[in-house]
>>> print(open('entry25.cif').read())   # mmCIF, N, CA and C atoms
data_query
loop_
_atom_site.label_atom_id
_atom_site.label_comp_id
_atom_site.auth_asym_id
_atom_site.auth_seq_id
_atom_site.Cartn_x
_atom_site.Cartn_y
_atom_site.Cartn_z
N MET S 270 -27.78 5.25 94.89
CA MET S 270 -27.98 4.41 96.05
C MET S 270 -27.25 3.09 95.81
N ALA S 271 -26.58 2.62 96.85
CA ALA S 271 -25.82 1.37 96.74
C ALA S 271 -26.75 0.17 96.89
N VAL S 272 -26.42 -0.88 96.19
CA VAL S 272 -27.19 -2.11 96.26
C VAL S 272 -26.54 -3.03 97.28
N ARG S 273 -27.35 -3.57 98.19
CA ARG S 273 -26.84 -4.49 99.19
C ARG S 273 -26.85 -5.90 98.61
N THR S 274 -25.72 -6.54 98.68
CA THR S 274 -25.63 -7.90 98.17
C THR S 274 -25.55 -8.93 99.28
N LYS S 275 -25.33 -8.48 100.51
CA LYS S 275 -25.21 -9.40 101.62
C LYS S 275 -26.32 -9.11 102.63
N PRO S 276 -27.34 -9.96 102.68
CA PRO S 276 -28.44 -9.72 103.61
C PRO S 276 -28.04 -9.97 105.06
N SER S 277 -28.76 -9.35 105.95
CA SER S 277 -28.51 -9.52 107.39
C SER S 277 -29.32 -10.70 107.91
N LEU S 278 -29.08 -11.03 109.17
CA LEU S 278 -29.86 -12.09 109.81
C LEU S 278 -31.33 -11.71 109.85
N ALA S 279 -31.62 -10.45 110.10
CA ALA S 279 -33.02 -10.00 110.13
C ALA S 279 -33.70 -10.23 108.79
N GLU S 280 -33.00 -9.97 107.70
CA GLU S 280 -33.56 -10.19 106.37
C GLU S 280 -33.71 -11.67 106.08
N ALA S 281 -32.79 -12.48 106.58
CA ALA S 281 -32.88 -13.93 106.37
C ALA S 281 -34.10 -14.52 107.08
N LEU S 282 -34.46 -13.95 108.23
CA LEU S 282 -35.58 -14.46 109.01
C LEU S 282 -36.91 -13.81 108.64
N SER S 283 -36.89 -12.89 107.69
CA SER S 283 -38.10 -12.21 107.28
C SER S 283 -39.09 -13.18 106.63
N VAL S 284 -40.37 -12.92 106.81
CA VAL S 284 -41.38 -13.76 106.18
C VAL S 284 -41.36 -13.61 104.65
N TRP S 285 -40.72 -12.59 104.15
CA TRP S 285 -40.68 -12.34 102.71
C TRP S 285 -39.54 -13.09 102.02
N THR S 286 -38.61 -13.64 102.79
CA THR S 286 -37.48 -14.38 102.22
C THR S 286 -37.94 -15.78 101.86
N SER S 287 -37.49 -16.27 100.70
CA SER S 287 -37.86 -17.63 100.32
C SER S 287 -37.24 -18.62 101.30
N PRO S 288 -37.91 -19.72 101.59
CA PRO S 288 -37.38 -20.68 102.55
C PRO S 288 -36.01 -21.25 102.14
N HIS S 289 -35.80 -21.43 100.86
CA HIS S 289 -34.52 -21.94 100.38
C HIS S 289 -33.39 -20.95 100.69
N ASP S 290 -33.61 -19.68 100.37
CA ASP S 290 -32.61 -18.66 100.65
C ASP S 290 -32.40 -18.49 102.16
N ALA S 291 -33.47 -18.53 102.93
CA ALA S 291 -33.37 -18.40 104.38
C ALA S 291 -32.53 -19.52 104.97
N ALA S 292 -32.72 -20.74 104.48
CA ALA S 292 -31.94 -21.88 104.98
C ALA S 292 -30.46 -21.71 104.67
N LEU S 293 -30.15 -21.29 103.46
CA LEU S 293 -28.74 -21.09 103.08
C LEU S 293 -28.09 -19.98 103.90
N LEU S 294 -28.79 -18.87 104.04
CA LEU S 294 -28.24 -17.74 104.80
C LEU S 294 -28.05 -18.09 106.27
N LEU S 295 -29.05 -18.71 106.86
CA LEU S 295 -28.97 -19.05 108.28
C LEU S 295 -27.86 -20.07 108.55
N ASP S 296 -27.69 -21.01 107.64
CA ASP S 296 -26.60 -21.98 107.80
C ASP S 296 -25.24 -21.29 107.69
N THR S 297 -25.13 -20.32 106.81
CA THR S 297 -23.89 -19.55 106.68
C THR S 297 -23.60 -18.77 107.96
N PHE S 298 -24.61 -18.12 108.51
CA PHE S 298 -24.44 -17.39 109.77
C PHE S 298 -24.07 -18.34 110.90
N ARG S 299 -24.70 -19.50 110.95
CA ARG S 299 -24.43 -20.49 112.00
C ARG S 299 -22.98 -20.93 111.97
N LEU S 300 -22.49 -21.25 110.79
CA LEU S 300 -21.10 -21.70 110.66
C LEU S 300 -20.12 -20.58 111.02
N ALA S 301 -20.43 -19.34 110.65
CA ALA S 301 -19.55 -18.22 110.96
C ALA S 301 -19.49 -17.94 112.46
N ILE S 302 -20.62 -18.01 113.14
CA ILE S 302 -20.65 -17.79 114.59
C ILE S 302 -19.91 -18.91 115.31
N THR S 303 -20.11 -20.14 114.87
CA THR S 303 -19.40 -21.28 115.47
C THR S 303 -17.91 -21.14 115.28
N SER S 304 -17.49 -20.72 114.10
CA SER S 304 -16.08 -20.51 113.82
C SER S 304 -15.50 -19.40 114.69
N LEU S 305 -16.23 -18.32 114.86
CA LEU S 305 -15.78 -17.21 115.70
C LEU S 305 -15.64 -17.67 117.15
N ALA S 306 -16.60 -18.43 117.65
CA ALA S 306 -16.53 -18.93 119.03
C ALA S 306 -15.32 -19.85 119.21
N ASP S 307 -15.06 -20.69 118.23
CA ASP S 307 -13.88 -21.56 118.30
C ASP S 307 -12.59 -20.75 118.27
N GLU S 308 -12.56 -19.73 117.43
CA GLU S 308 -11.38 -18.87 117.31
C GLU S 308 -11.10 -18.13 118.62
N GLN S 309 -12.16 -17.66 119.27
CA GLN S 309 -12.00 -16.89 120.50
C GLN S 309 -12.02 -17.77 121.76
N HIS S 310 -12.23 -19.08 121.58
CA HIS S 310 -12.25 -20.03 122.70
C HIS S 310 -13.25 -19.63 123.78
N THR S 311 -14.45 -19.25 123.35
CA THR S 311 -15.49 -18.85 124.29
C THR S 311 -16.85 -19.15 123.70
N GLY S 312 -17.83 -19.35 124.58
CA GLY S 312 -19.20 -19.56 124.13
C GLY S 312 -19.94 -18.26 123.88
N LEU S 313 -19.38 -17.15 124.40
CA LEU S 313 -19.97 -15.83 124.19
C LEU S 313 -18.98 -14.95 123.43
N PRO S 314 -18.97 -15.05 122.10
CA PRO S 314 -17.98 -14.30 121.32
C PRO S 314 -18.18 -12.78 121.41
N ASP S 315 -17.15 -12.06 120.99
CA ASP S 315 -17.12 -10.60 121.00
C ASP S 315 -18.32 -10.02 120.27
N SER S 316 -19.02 -9.11 120.93
CA SER S 316 -20.25 -8.53 120.40
C SER S 316 -20.04 -7.84 119.06
N HIS S 317 -18.97 -7.08 118.95
CA HIS S 317 -18.71 -6.34 117.71
C HIS S 317 -18.56 -7.29 116.53
N ARG S 318 -17.83 -8.37 116.72
CA ARG S 318 -17.63 -9.34 115.64
C ARG S 318 -18.93 -10.08 115.31
N VAL S 319 -19.73 -10.37 116.33
CA VAL S 319 -21.02 -11.03 116.09
C VAL S 319 -21.90 -10.14 115.23
N LEU S 320 -21.96 -8.86 115.55
CA LEU S 320 -22.77 -7.92 114.77
C LEU S 320 -22.27 -7.83 113.33
N GLN S 321 -20.96 -7.86 113.13
CA GLN S 321 -20.40 -7.83 111.77
C GLN S 321 -20.81 -9.07 111.00
N ILE S 322 -20.69 -10.23 111.62
CA ILE S 322 -21.03 -11.48 110.94
C ILE S 322 -22.51 -11.50 110.56
N LEU S 323 -23.37 -11.07 111.48
CA LEU S 323 -24.81 -11.10 111.23
C LEU S 323 -25.29 -9.90 110.42
N ARG S 324 -24.36 -8.98 110.13
CA ARG S 324 -24.63 -7.78 109.33
C ARG S 324 -25.74 -6.93 109.96
N LEU S 325 -25.61 -6.76 111.26
CA LEU S 325 -26.54 -5.91 112.01
C LEU S 325 -25.80 -4.66 112.43
N GLY S 326 -26.50 -3.54 112.48
CA GLY S 326 -25.87 -2.26 112.78
C GLY S 326 -25.58 -2.02 114.24
N ARG S 327 -26.50 -2.42 115.11
CA ARG S 327 -26.37 -2.11 116.54
C ARG S 327 -26.74 -3.33 117.35
N GLY S 328 -26.30 -3.31 118.60
CA GLY S 328 -26.65 -4.39 119.52
C GLY S 328 -28.14 -4.47 119.78
N THR S 329 -28.81 -3.33 119.70
CA THR S 329 -30.26 -3.34 119.92
C THR S 329 -31.00 -4.07 118.80
N ASP S 330 -30.41 -4.10 117.59
CA ASP S 330 -30.99 -4.89 116.50
C ASP S 330 -30.94 -6.38 116.86
N LEU S 331 -29.82 -6.79 117.43
CA LEU S 331 -29.68 -8.18 117.87
C LEU S 331 -30.64 -8.47 119.03
N ALA S 332 -30.77 -7.53 119.95
CA ALA S 332 -31.69 -7.72 121.07
C ALA S 332 -33.13 -7.85 120.58
N ALA S 333 -33.50 -7.09 119.57
CA ALA S 333 -34.85 -7.16 119.01
C ALA S 333 -35.10 -8.53 118.38
N LEU S 334 -34.10 -9.04 117.66
CA LEU S 334 -34.23 -10.38 117.09
C LEU S 334 -34.35 -11.42 118.19
N GLY S 335 -33.60 -11.22 119.26
CA GLY S 335 -33.67 -12.13 120.40
C GLY S 335 -35.04 -12.13 121.05
N ALA S 336 -35.70 -10.99 121.04
CA ALA S 336 -37.05 -10.91 121.59
C ALA S 336 -38.04 -11.65 120.68
N ASP S 337 -37.83 -11.56 119.37
CA ASP S 337 -38.71 -12.26 118.43
C ASP S 337 -38.45 -13.76 118.40
N TRP S 338 -37.20 -14.16 118.60
CA TRP S 338 -36.78 -15.56 118.55
C TRP S 338 -36.06 -15.90 119.87
N PRO S 339 -36.78 -16.12 120.96
CA PRO S 339 -36.15 -16.29 122.27
C PRO S 339 -35.16 -17.45 122.36
N ALA S 340 -35.34 -18.49 121.59
CA ALA S 340 -34.43 -19.64 121.65
C ALA S 340 -33.11 -19.39 120.93
N MET S 341 -32.97 -18.23 120.29
CA MET S 341 -31.76 -17.91 119.53
C MET S 341 -30.52 -17.84 120.41
N GLY S 342 -30.65 -17.43 121.64
CA GLY S 342 -29.50 -17.37 122.53
C GLY S 342 -28.87 -15.99 122.65
N VAL S 343 -29.64 -14.94 122.49
CA VAL S 343 -29.12 -13.59 122.63
C VAL S 343 -28.90 -13.31 124.12
N ARG S 344 -27.72 -12.82 124.44
CA ARG S 344 -27.35 -12.54 125.84
C ARG S 344 -26.78 -11.13 125.95
N ARG S 345 -26.97 -10.55 127.12
CA ARG S 345 -26.37 -9.24 127.40
C ARG S 345 -25.15 -9.47 128.28
N VAL S 346 -24.02 -9.01 127.81
CA VAL S 346 -22.76 -9.12 128.55
C VAL S 346 -22.27 -7.70 128.80
N GLY S 347 -22.39 -7.25 130.02
CA GLY S 347 -22.04 -5.86 130.32
C GLY S 347 -23.05 -4.94 129.65
N ARG S 348 -22.54 -4.06 128.79
CA ARG S 348 -23.41 -3.15 128.05
C ARG S 348 -23.70 -3.64 126.65
N ASP S 349 -23.09 -4.75 126.24
CA ASP S 349 -23.20 -5.23 124.86
C ASP S 349 -24.10 -6.45 124.75
N TRP S 350 -24.66 -6.62 123.57
CA TRP S 350 -25.48 -7.79 123.25
C TRP S 350 -24.66 -8.74 122.39
N THR S 351 -24.71 -10.02 122.70
CA THR S 351 -24.00 -11.02 121.92
C THR S 351 -24.84 -12.30 121.89
N LEU S 352 -24.28 -13.35 121.32
CA LEU S 352 -24.96 -14.63 121.21
C LEU S 352 -24.25 -15.68 122.03
N ASP S 353 -25.02 -16.58 122.60
CA ASP S 353 -24.47 -17.80 123.16
C ASP S 353 -24.27 -18.71 121.94
N ALA S 354 -23.02 -18.96 121.58
CA ALA S 354 -22.72 -19.65 120.32
C ALA S 354 -23.32 -21.05 120.27
N ARG S 355 -23.29 -21.77 121.35
CA ARG S 355 -23.83 -23.13 121.35
C ARG S 355 -25.35 -23.13 121.18
N GLN S 356 -26.01 -22.23 121.89
CA GLN S 356 -27.46 -22.15 121.77
C GLN S 356 -27.86 -21.67 120.38
N PHE S 357 -27.13 -20.70 119.83
CA PHE S 357 -27.42 -20.22 118.48
C PHE S 357 -27.24 -21.33 117.47
N ASP S 358 -26.21 -22.15 117.65
CA ASP S 358 -25.94 -23.26 116.74
C ASP S 358 -27.12 -24.24 116.74
N LEU S 359 -27.59 -24.62 117.92
CA LEU S 359 -28.71 -25.56 118.01
C LEU S 359 -29.99 -24.95 117.43
N TRP S 360 -30.25 -23.69 117.76
CA TRP S 360 -31.44 -23.02 117.25
C TRP S 360 -31.39 -22.92 115.73
N ALA S 361 -30.24 -22.52 115.20
CA ALA S 361 -30.10 -22.34 113.76
C ALA S 361 -30.26 -23.67 113.02
N GLN S 362 -29.71 -24.75 113.57
CA GLN S 362 -29.88 -26.06 112.92
C GLN S 362 -31.36 -26.42 112.82
N GLY S 363 -32.10 -26.17 113.89
CA GLY S 363 -33.54 -26.44 113.87
C GLY S 363 -34.27 -25.59 112.86
N GLN S 364 -33.93 -24.31 112.81
CA GLN S 364 -34.59 -23.41 111.86
C GLN S 364 -34.24 -23.77 110.42
N VAL S 365 -32.99 -24.16 110.18
CA VAL S 365 -32.59 -24.55 108.83
C VAL S 365 -33.40 -25.76 108.37
N SER S 366 -33.61 -26.73 109.26
CA SER S 366 -34.40 -27.90 108.87
C SER S 366 -35.85 -27.51 108.58
N VAL S 367 -36.40 -26.55 109.35
CA VAL S 367 -37.76 -26.08 109.09
C VAL S 367 -37.82 -25.39 107.72
N PHE S 368 -36.85 -24.53 107.45
CA PHE S 368 -36.83 -23.81 106.17
C PHE S 368 -36.65 -24.78 105.00
N ARG S 369 -35.80 -25.78 105.17
CA ARG S 369 -35.59 -26.76 104.09
C ARG S 369 -36.85 -27.57 103.85
N ARG S 370 -37.57 -27.91 104.92
CA ARG S 370 -38.82 -28.64 104.75
C ARG S 370 -39.83 -27.77 104.00
N ARG S 371 -39.89 -26.49 104.35
CA ARG S 371 -40.80 -25.57 103.65
C ARG S 371 -40.40 -25.40 102.19
N ALA S 372 -39.11 -25.36 101.92
CA ALA S 372 -38.64 -25.22 100.54
C ALA S 372 -38.95 -26.46 99.72
N GLY S 373 -39.01 -27.61 100.39
CA GLY S 373 -39.31 -28.86 99.69
C GLY S 373 -40.77 -29.01 99.33
N GLU S 374 -41.64 -28.27 100.02
CA GLU S 374 -43.06 -28.32 99.69
C GLU S 374 -43.26 -27.65 98.34
N THR S 375 -43.87 -28.36 97.44
CA THR S 375 -44.02 -27.82 96.09
C THR S 375 -45.48 -27.48 95.83
N VAL S 376 -45.64 -26.53 94.95
CA VAL S 376 -46.98 -26.16 94.49
C VAL S 376 -47.39 -27.15 93.42
N PRO S 377 -48.64 -27.62 93.41
CA PRO S 377 -49.07 -28.56 92.37
C PRO S 377 -48.82 -28.01 90.97
N ALA S 378 -48.61 -28.89 90.03
CA ALA S 378 -48.26 -28.51 88.66
C ALA S 378 -49.33 -27.65 88.00
N ASP S 379 -50.59 -27.82 88.41
CA ASP S 379 -51.65 -27.03 87.78
C ASP S 379 -51.71 -25.61 88.31
N GLY S 380 -50.84 -25.25 89.26
CA GLY S 380 -50.76 -23.88 89.72
C GLY S 380 -51.51 -23.62 91.01
N GLY S 381 -52.14 -24.60 91.57
CA GLY S 381 -52.82 -24.38 92.84
C GLY S 381 -54.12 -25.13 92.91
N VAL S 382 -54.91 -24.79 93.89
CA VAL S 382 -56.19 -25.45 94.10
C VAL S 382 -57.25 -24.72 93.32
N GLN S 383 -58.11 -25.49 92.67
CA GLN S 383 -59.19 -24.89 91.90
C GLN S 383 -60.50 -25.44 92.43
N SER S 384 -61.45 -24.57 92.60
CA SER S 384 -62.75 -25.02 93.09
C SER S 384 -63.52 -25.73 91.97
N ARG S 385 -64.57 -26.40 92.37
CA ARG S 385 -65.38 -27.11 91.39
C ARG S 385 -66.44 -26.21 90.75
N LEU S 386 -66.53 -25.00 91.25
CA LEU S 386 -67.53 -24.08 90.71
C LEU S 386 -67.08 -23.54 89.35
N ASN S 387 -67.99 -23.50 88.46
CA ASN S 387 -67.71 -22.94 87.14
C ASN S 387 -68.05 -21.47 87.20
N LEU S 388 -67.06 -20.63 86.93
CA LEU S 388 -67.26 -19.18 87.01
C LEU S 388 -67.95 -18.61 85.79
N PHE S 389 -68.11 -19.38 84.73
CA PHE S 389 -68.73 -18.87 83.52
C PHE S 389 -70.04 -19.51 83.27
#
>>> encode(input="entry25.cif", output="structure tokens")
Amino acid sequence: MAVRTKPSLAEALSVWTSPHDAALLLDTFRLAITSLADEQHTGLPDSHRVLQILRLGRGTDLAALGADWPAMGVRRVGRDWTLDARQFDLWAQGQVSVFRRRAGETVPADGGVQSRLNLF
């Protein structure tokens, strides 16, 4: 079985991903989508290229993420699903700041909260 080294947008947004990793991945996706939109001179870049950048297999995967994250900017153009690049950029910047704030929250040095009850 092959090992995946490049996570998808769905994996970056998973609750199981560390906030630090999620922030880095989402910022990378944001920059790539913005670059693609600039390259194609459009706010709605080519669906196939968007799916490649986000490492998603089908347009329905993107549509499902759009249903979970409505502010992401997922749009249907004809039969294909794509992103509104400007809206995705704004949404991703907000999410990155949330993830960075979560990553900055540290666990106390003693390992967590301890009750005052003596168990022994």
>>> atom_distance(input="entry25.cif", atom1="atom C of Ile302 (chain S)", atom2="atom N of Leu320 (chain S)")
10.3 Å
>>> resolve_selection(input="entry25.cif", expression="the PyMOL selection byres (((chain S and resi 358 and name CA) around 8) and name CA)", output="PyMOL selection string")
chain S and resi 299-300+302-303+354-357+359-362
>>> select_by_dssp(input="entry25.cif", residues="chain S", states="strand (DSSP E or B)", output="NGL selection string")
:S and (343-346 or 349-352)
>>> write_last_selection(input="entry25.cif", atoms="N, CA and C atoms", output="short mmCIF file (atom, residue, chain, number, x, y, z; two decimals), in the coordinates of the input")
data_model
loop_
_atom_site.label_atom_id
_atom_site.label_comp_id
_atom_site.auth_asym_id
_atom_site.auth_seq_id
_atom_site.Cartn_x
_atom_site.Cartn_y
_atom_site.Cartn_z
N VAL S 343 -29.64 -14.94 122.49
CA VAL S 343 -29.12 -13.59 122.63
C VAL S 343 -28.90 -13.31 124.12
N ARG S 344 -27.72 -12.82 124.44
CA ARG S 344 -27.35 -12.54 125.84
C ARG S 344 -26.78 -11.13 125.95
N ARG S 345 -26.97 -10.55 127.12
CA ARG S 345 -26.37 -9.24 127.40
C ARG S 345 -25.15 -9.47 128.28
N VAL S 346 -24.02 -9.01 127.81
CA VAL S 346 -22.76 -9.12 128.55
C VAL S 346 -22.27 -7.70 128.80
N ASP S 349 -23.09 -4.75 126.24
CA ASP S 349 -23.20 -5.23 124.86
C ASP S 349 -24.10 -6.45 124.75
N TRP S 350 -24.66 -6.62 123.57
CA TRP S 350 -25.48 -7.79 123.25
C TRP S 350 -24.66 -8.74 122.39
N THR S 351 -24.71 -10.02 122.70
CA THR S 351 -24.00 -11.02 121.92
C THR S 351 -24.84 -12.30 121.89
N LEU S 352 -24.28 -13.35 121.32
CA LEU S 352 -24.96 -14.63 121.21
C LEU S 352 -24.25 -15.68 122.03
#
>>> resolve_selection(input="entry25.cif", expression="the PyMOL selection byres (((chain S and resi 350 and name CA) around 9) and name CA)", output="ChimeraX atom specification")
/S:316-317,320,327-329,331-332,343-349,351-352
>>> closest_residue(input="entry25.cif", among="S:Gly326, S:Glu308, S:Ser366, S:Pro339", to="Ala291 (chain S)", atoms="only C-alpha atoms")
S:Ser366
>>> closest_residue(input="entry25.cif", among="S:Ala372, S:Ile322, S:Val365, S:Leu305", to="Leu282 (chain S)", atoms="only C-alpha atoms")
S:Val365
>>> select_by_dssp(input="entry25.cif", residues="chain S", states="helix (DSSP H, G or I)", output="ChimeraX atom specification")
/S:278-281,288-309,316-323,328-337,339-341,354-373
>>> atom_distance(input="entry25.cif", atom1="atom C of Leu325 (chain S)", atom2="atom N of Ser283 (chain S)")
14.6 Å
>>> atom_distance(input="entry25.cif", atom1="CA of Ala292 (chain S)", atom2="CA of Phe368 (chain S)")
5.4 Å
>>> resolve_selection(input="entry25.cif", expression="the PyMOL selection byres ((chain S and resi 279) around 8)", output="MDAnalysis selection string")
chainID S and resid 276:278 280:284 323:325 330 334
>>> closest_residue(input="entry25.cif", among="S:Ala301, S:Thr286, S:Ala336, S:Leu293", to="Pro314 (chain S)", atoms="only C-alpha atoms")
S:Ala301
>>> axis_aligned_box(input="entry25.cif", around="region 364-375 of chain S", padding_each_side="3 Å", output="AutoDock Vina command-line options")
--center_x -39.0 --center_y -26.2 --center_z 104.3 --size_x 18.9 --size_y 11.6 --size_z 23.0
>>> build_atoms(input="entry25.cif", residues="region 358-378 of chain S", atoms="N, CA, C and O atoms", output="CSV table (one decimal), in the coordinates of the input")
chain,number,residue,atom,x,y,z
S,358,ASP,N,-26.2,-22.2,117.6
S,358,ASP,CA,-25.9,-23.3,116.7
S,358,ASP,C,-27.1,-24.2,116.7
S,358,ASP,O,-27.6,-24.6,115.7
S,359,LEU,N,-27.6,-24.6,117.9
S,359,LEU,CA,-28.7,-25.6,118.0
S,359,LEU,C,-30.0,-25.0,117.4
S,359,LEU,O,-30.7,-25.6,116.7
S,360,TRP,N,-30.2,-23.7,117.8
S,360,TRP,CA,-31.4,-23.0,117.2
S,360,TRP,C,-31.4,-22.9,115.7
S,360,TRP,O,-32.4,-23.2,115.0
S,361,ALA,N,-30.2,-22.5,115.2
S,361,ALA,CA,-30.1,-22.3,113.8
S,361,ALA,C,-30.3,-23.7,113.0
S,361,ALA,O,-30.9,-23.7,112.0
S,362,GLN,N,-29.7,-24.8,113.6
S,362,GLN,CA,-29.9,-26.1,112.9
S,362,GLN,C,-31.4,-26.4,112.8
S,362,GLN,O,-31.8,-26.9,111.8
S,363,GLY,N,-32.1,-26.2,113.9
S,363,GLY,CA,-33.5,-26.4,113.9
S,363,GLY,C,-34.3,-25.6,112.9
S,363,GLY,O,-35.1,-26.1,112.1
S,364,GLN,N,-33.9,-24.3,112.8
S,364,GLN,CA,-34.6,-23.4,111.9
S,364,GLN,C,-34.2,-23.8,110.4
S,364,GLN,O,-35.1,-23.7,109.5
S,365,VAL,N,-33.0,-24.2,110.2
S,365,VAL,CA,-32.6,-24.6,108.8
S,365,VAL,C,-33.4,-25.8,108.4
S,365,VAL,O,-33.9,-25.8,107.2
S,366,SER,N,-33.6,-26.7,109.3
S,366,SER,CA,-34.4,-27.9,108.9
S,366,SER,C,-35.8,-27.5,108.6
S,366,SER,O,-36.5,-28.0,107.7
S,367,VAL,N,-36.4,-26.6,109.4
S,367,VAL,CA,-37.8,-26.1,109.1
S,367,VAL,C,-37.8,-25.4,107.7
S,367,VAL,O,-38.7,-25.6,106.9
S,368,PHE,N,-36.8,-24.5,107.4
S,368,PHE,CA,-36.8,-23.8,106.2
S,368,PHE,C,-36.6,-24.8,105.0
S,368,PHE,O,-37.3,-24.6,104.0
S,369,ARG,N,-35.8,-25.8,105.2
S,369,ARG,CA,-35.6,-26.8,104.1
S,369,ARG,C,-36.8,-27.6,103.8
S,369,ARG,O,-37.2,-27.9,102.7
S,370,ARG,N,-37.6,-27.9,104.9
S,370,ARG,CA,-38.8,-28.6,104.8
S,370,ARG,C,-39.8,-27.8,104.0
S,370,ARG,O,-40.5,-28.2,103.1
S,371,ARG,N,-39.9,-26.5,104.4
S,371,ARG,CA,-40.8,-25.6,103.6
S,371,ARG,C,-40.4,-25.4,102.2
S,371,ARG,O,-41.3,-25.3,101.3
S,372,ALA,N,-39.1,-25.4,101.9
S,372,ALA,CA,-38.6,-25.2,100.5
S,372,ALA,C,-39.0,-26.5,99.7
S,372,ALA,O,-39.2,-26.4,98.5
S,373,GLY,N,-39.0,-27.6,100.4
S,373,GLY,CA,-39.3,-28.9,99.7
S,373,GLY,C,-40.8,-29.0,99.3
S,373,GLY,O,-41.1,-29.8,98.5
S,374,GLU,N,-41.6,-28.3,100.0
S,374,GLU,CA,-43.1,-28.3,99.7
S,374,GLU,C,-43.3,-27.6,98.3
S,374,GLU,O,-42.8,-26.5,98.1
S,375,THR,N,-43.9,-28.4,97.4
S,375,THR,CA,-44.0,-27.8,96.1
S,375,THR,C,-45.5,-27.5,95.8
S,375,THR,O,-46.4,-28.1,96.4
S,376,VAL,N,-45.6,-26.5,95.0
S,376,VAL,CA,-47.0,-26.2,94.5
S,376,VAL,C,-47.4,-27.2,93.4
S,376,VAL,O,-46.6,-27.5,92.6
S,377,PRO,N,-48.6,-27.6,93.4
S,377,PRO,CA,-49.1,-28.6,92.4
S,377,PRO,C,-48.8,-28.0,91.0
S,377,PRO,O,-48.8,-26.8,90.8
S,378,ALA,N,-48.6,-28.9,90.0
S,378,ALA,CA,-48.3,-28.5,88.7
S,378,ALA,C,-49.3,-27.6,88.0
S,378,ALA,O,-49.0,-26.8,87.1
